[in-house]
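Source file: my_file.txt; contents: compact mmCIF, C-alpha atoms.
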# COMPACT_ATOMS: atom_id res chain seq x y z
CA MET A 1 0.00 0.00 0.00
CA SER A 2 1.46 3.32 -0.96
CA PRO A 3 1.76 6.07 1.65
CA ASN A 4 -0.62 8.30 -0.34
CA THR A 5 -3.36 5.70 -0.30
CA LYS A 6 -2.90 5.14 3.43
CA ASP A 7 -3.25 8.87 4.06
CA ILE A 8 -6.51 8.97 2.10
CA TYR A 9 -8.18 5.95 3.71
CA TYR A 10 -7.05 6.35 7.31
CA PRO A 11 -9.34 9.36 8.03
CA LEU A 12 -12.26 7.49 6.42
CA PHE A 13 -11.56 4.49 8.59
CA THR A 14 -11.32 6.64 11.72
CA GLU A 15 -14.64 8.32 10.87
CA SER A 16 -16.32 4.91 10.46
CA ILE A 17 -15.04 3.80 13.83
CA LYS A 18 -16.23 7.06 15.45
CA GLN A 19 -19.77 6.34 14.21
CA LEU A 20 -19.91 3.28 16.47
CA GLU A 21 -19.95 5.43 19.63
CA PRO A 22 -23.15 7.49 18.95
CA ALA A 23 -24.84 4.30 17.60
CA SER A 24 -25.22 5.51 14.05
CA SER A 25 -23.42 2.28 13.11
CA ASP A 26 -23.71 -1.05 14.90
CA ILE A 27 -20.67 -2.82 13.60
CA ALA A 28 -17.70 -2.05 11.41
CA ILE A 29 -16.05 -4.90 9.56
CA CYS A 30 -12.65 -4.04 8.20
CA ILE A 31 -8.97 -4.52 8.58
CA PRO A 32 -8.20 -1.91 11.24
CA PRO A 33 -4.74 -0.58 11.68
CA PHE A 34 -3.70 -0.90 15.32
CA HIS A 35 -3.29 2.67 16.37
CA ALA A 36 -3.52 4.32 19.77
CA SER A 37 -6.11 6.92 18.66
CA ILE A 38 -8.70 4.20 17.85
CA ILE A 39 -8.60 2.42 21.22
CA GLY A 40 -10.86 5.08 22.75
CA PHE A 41 -13.65 4.29 20.24
CA ALA A 42 -13.38 0.59 19.46
CA GLU A 43 -11.73 -2.62 20.48
CA ALA A 44 -9.74 -4.55 17.97
CA THR A 45 -10.33 -8.27 18.02
CA ILE A 46 -7.84 -11.00 17.38
CA PRO A 47 -8.38 -12.52 13.94
CA TYR A 48 -9.16 -16.22 14.10
CA LEU A 49 -9.82 -16.86 10.45
CA TYR A 50 -7.97 -15.68 7.38
CA ILE A 51 -9.83 -15.84 4.09
CA ARG A 52 -8.27 -15.24 0.71
CA VAL A 53 -10.76 -14.00 -1.83
CA THR A 54 -10.09 -14.31 -5.54
CA TRP A 55 -12.36 -12.85 -8.20
CA HIS A 56 -12.75 -14.74 -11.44
CA ILE A 57 -14.48 -12.71 -14.12
CA PRO A 58 -15.33 -14.50 -17.35
CA CYS A 59 -14.37 -12.40 -20.33
CA PRO A 60 -16.09 -13.05 -23.64
CA ASN A 61 -14.17 -13.28 -26.85
CA PRO A 62 -13.84 -9.81 -28.33
CA ALA A 63 -15.90 -9.12 -31.43
CA SER A 64 -16.10 -6.04 -33.55
CA ARG A 65 -19.29 -4.01 -33.45
CA TRP A 66 -20.04 -4.62 -37.12
CA THR A 67 -19.63 -8.37 -36.73
CA SER A 68 -22.03 -8.57 -33.81
CA MET A 69 -24.51 -6.32 -35.60
CA PHE A 70 -24.53 -8.41 -38.77
CA GLN A 71 -24.81 -11.70 -36.89
CA ILE A 72 -28.28 -10.83 -35.60
CA PHE A 73 -29.93 -11.07 -39.02
CA ARG A 74 -28.88 -12.97 -42.10
CA SER A 75 -27.55 -11.09 -45.09
CA VAL A 76 -30.86 -11.61 -46.93
CA VAL A 77 -32.72 -9.68 -44.22
CA TRP A 78 -30.20 -6.81 -44.39
CA ALA A 79 -30.51 -6.77 -48.19
CA CYS A 80 -34.31 -6.62 -47.92
CA PHE A 81 -34.02 -3.82 -45.37
CA GLY A 82 -31.80 -1.87 -47.76
CA ASP A 83 -34.19 -2.53 -50.68
CA VAL A 84 -37.14 -1.31 -48.64
CA ALA A 85 -35.20 1.82 -47.67
CA ILE A 86 -34.43 2.60 -51.33
CA LEU A 87 -38.04 1.89 -52.28
CA ALA A 88 -39.25 4.18 -49.50
CA VAL A 89 -37.17 7.07 -50.84
CA ILE A 90 -38.58 6.56 -54.34
CA ILE A 91 -42.17 6.30 -53.10
CA MET A 92 -41.78 9.38 -50.92
CA TRP A 93 -40.36 11.36 -53.84
CA LEU A 94 -43.08 10.13 -56.28
CA LEU A 95 -45.87 10.96 -53.82
CA THR A 96 -44.46 14.46 -53.48
CA LYS A 97 -44.34 14.88 -57.28
CA TYR A 98 -47.90 13.56 -57.63
CA GLU A 99 -49.26 15.86 -54.92
CA THR A 100 -47.53 18.84 -56.53
CA GLN A 101 -49.19 18.01 -59.86
CA ILE A 102 -52.65 18.08 -58.31
CA HIS A 103 -51.87 21.48 -56.77
CA VAL A 104 -51.18 20.41 -53.20
CA ARG A 105 -48.18 22.41 -52.11
CA GLU A 106 -45.80 19.99 -50.44
CA SER A 107 -42.84 21.12 -48.36
CA ALA A 108 -39.52 21.72 -50.09
CA LYS A 109 -38.00 19.20 -47.66
CA TYR A 110 -39.59 16.38 -49.69
CA ARG A 111 -39.28 17.61 -53.29
CA THR A 112 -35.81 16.29 -54.15
CA ILE A 113 -34.47 12.78 -53.83
CA MET A 114 -31.60 13.96 -51.61
CA ASN A 115 -34.03 15.59 -49.17
CA CYS A 116 -36.08 12.38 -49.13
CA ILE A 117 -32.88 10.43 -48.34
CA TYR A 118 -32.07 12.85 -45.53
CA ASN A 119 -35.56 12.48 -44.07
CA GLU A 120 -35.41 8.71 -44.35
CA CYS A 121 -32.01 8.56 -42.66
CA ALA A 122 -33.36 10.77 -39.90
CA VAL A 123 -36.22 8.35 -39.31
CA LEU A 124 -33.87 5.34 -39.42
CA THR A 125 -31.60 6.86 -36.80
CA ALA A 126 -34.52 7.98 -34.59
CA LEU A 127 -34.02 11.69 -35.24
CA SER A 128 -36.73 14.18 -36.03
CA VAL A 129 -37.27 15.40 -39.57
CA PRO A 130 -37.06 19.14 -40.28
CA GLN A 131 -40.73 19.35 -41.29
CA LYS A 132 -43.54 16.84 -41.34
CA PRO A 133 -45.33 16.17 -44.63
CA ILE A 134 -48.32 18.33 -45.60
CA SER A 135 -50.29 16.10 -47.97
CA HIS A 136 -52.41 13.28 -46.57
CA SER A 137 -51.01 10.53 -48.79
CA LEU A 138 -47.43 11.41 -47.92
CA ARG A 139 -48.35 11.63 -44.23
CA ILE A 140 -49.87 8.15 -44.28
CA PHE A 141 -46.80 6.74 -46.01
CA PHE A 142 -44.51 8.62 -43.64
CA ILE A 143 -46.28 7.19 -40.58
CA ALA A 144 -45.95 3.70 -42.07
CA TRP A 145 -42.27 4.36 -42.69
CA VAL A 146 -41.77 5.50 -39.08
CA LEU A 147 -43.40 2.30 -37.81
CA TYR A 148 -41.23 0.06 -40.02
CA PRO A 149 -37.85 0.99 -38.44
CA ILE A 150 -39.44 0.78 -35.00
CA ALA A 151 -40.50 -2.81 -35.73
CA ILE A 152 -37.08 -3.73 -37.15
CA THR A 153 -35.31 -2.12 -34.18
CA THR A 154 -37.54 -3.96 -31.71
CA VAL A 155 -36.79 -7.32 -33.33
CA TYR A 156 -33.07 -6.48 -33.50
CA GLN A 157 -32.96 -5.54 -29.81
CA ALA A 158 -34.90 -8.67 -28.83
CA TYR A 159 -32.39 -10.88 -30.66
CA PHE A 160 -29.45 -8.86 -29.35
CA LEU A 161 -30.58 -9.04 -25.73
CA GLY A 162 -31.64 -12.66 -26.07
CA SER A 163 -28.25 -13.68 -27.43
CA SER A 164 -26.32 -11.90 -24.69
CA VAL A 165 -28.17 -13.59 -21.81
Would you encode the structure as structure tokens?
Amino acid sequence: MSPNTKDIYYPLFTESIKQLEPASSDIAICIPPFHASIIGFAEATIPYLYIRVTWHIPCPNPASRWTSMFQIFRSVVWACFGDVAILAVIIMWLLTKYETQIHVRESAKYRTIMNCIYNECAVLTALSVPQKPISHSLRIFFIAWVLYPIAITTVYQAYFLGSSV
């Protein structure tokens, strides 16, 4: 034990022993240093039993984050997820174009494919989009798209937690 550590813990130990006198503590179990200042507060007993405690902590084999993420679902499921994401961008963009043709003024945040990709990525990463859709058809599709990643994330977390137990 280094002298610095002893200096830090000795006052804490003394304070614990002093709490025995006013009955705020009933017992203190520790390895007390035999010192003359403690005899006025507590009696040191003679140790009759020595126990050696060893901690064994099982460590799993290290795995990269990408490996563990892609082991939850098969590659076919990830490919379908990517296909649905691409299809969602196209549908969102086409709905915006259709609504603009029938004179429903949709937000500029949905008029280009890049903005649709940004909005979709925001939904996939559980972030808020800059502006919600105005037209009813795009709103209905958008709500369905919000529910889809929630369902996929729920299944992913269930498999992830189930495999770690």
Of the candidates A:Ile57, A:Val84, A:Val129, A:Ile90, which one gets nearest to Tyr148 of chain A if we count only C-alpha atoms?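 Between A:Ile57, A:Val84, A:Val129, A:Ile90, the residue approaching Tyr148 of chain A most closely is A:Val84.
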Counting only C-alpha atoms, which of A:Ala126, A:Met92, A:Ile102, A:Arg74 gets nearest to Ala144 of chain A?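 Smallest separation from Ala144 of chain A among the options: A:Met92.
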Name the closest residue to Tyr156 of chain A among the candidates A:Tyr118, A:Phe70, A:Gln19, A:His56; distances are taken between atoms, counting all atoms listed in the file. A:Phe70
Let me make sure I understand: among A:Val89, A:Leu138, A:Leu95, A:Val76, which one has the smallest atom-to-atom distance to Asn115 of chain A if we use all atoms listed in the file? A:Val89
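Of the residues listed (A:Ser75, A:Trp145, A:Arg139, A:Ile134), A:Trp145 shows the shortest atom-to-atom separation from Cys121 of chain A; distances use all atoms listed in the file.
For Leu87 of chain A, the list of residues within 12 Å, based on only C-alpha atoms and with local chain neighbours fewer than 3 positions off taken out, reads Cys80, Phe81, Gly82, Asp83, Val84, Ile90, Ile91, Met92, Trp93, Leu94, Ile113, Cys116, Ile117, Glu120, Phe141 and Trp145 of chain A.
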Distance atom CA of Thr54 of chain A-atom CA of Glu15 of chain A, one decimal place?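 One can read the atom CA of Thr54 of chain A to atom CA of Glu15 of chain A distance as 28.3 Å.
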To one decimal place, how far is atom CA of Pro130 of chain A from atom CA of Ile86 of chain A in Å? 20.1 Å
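Note that atom CA of Ser137 of chain A and atom CA of Ala151 of chain A are 21.4 Å apart.
If you measure from each of A:Ala88, A:Leu124, A:Lys97, A:Gln131 to Lys109 of chain A using only C-alpha atoms, the closest one turns out to be A:Gln131.
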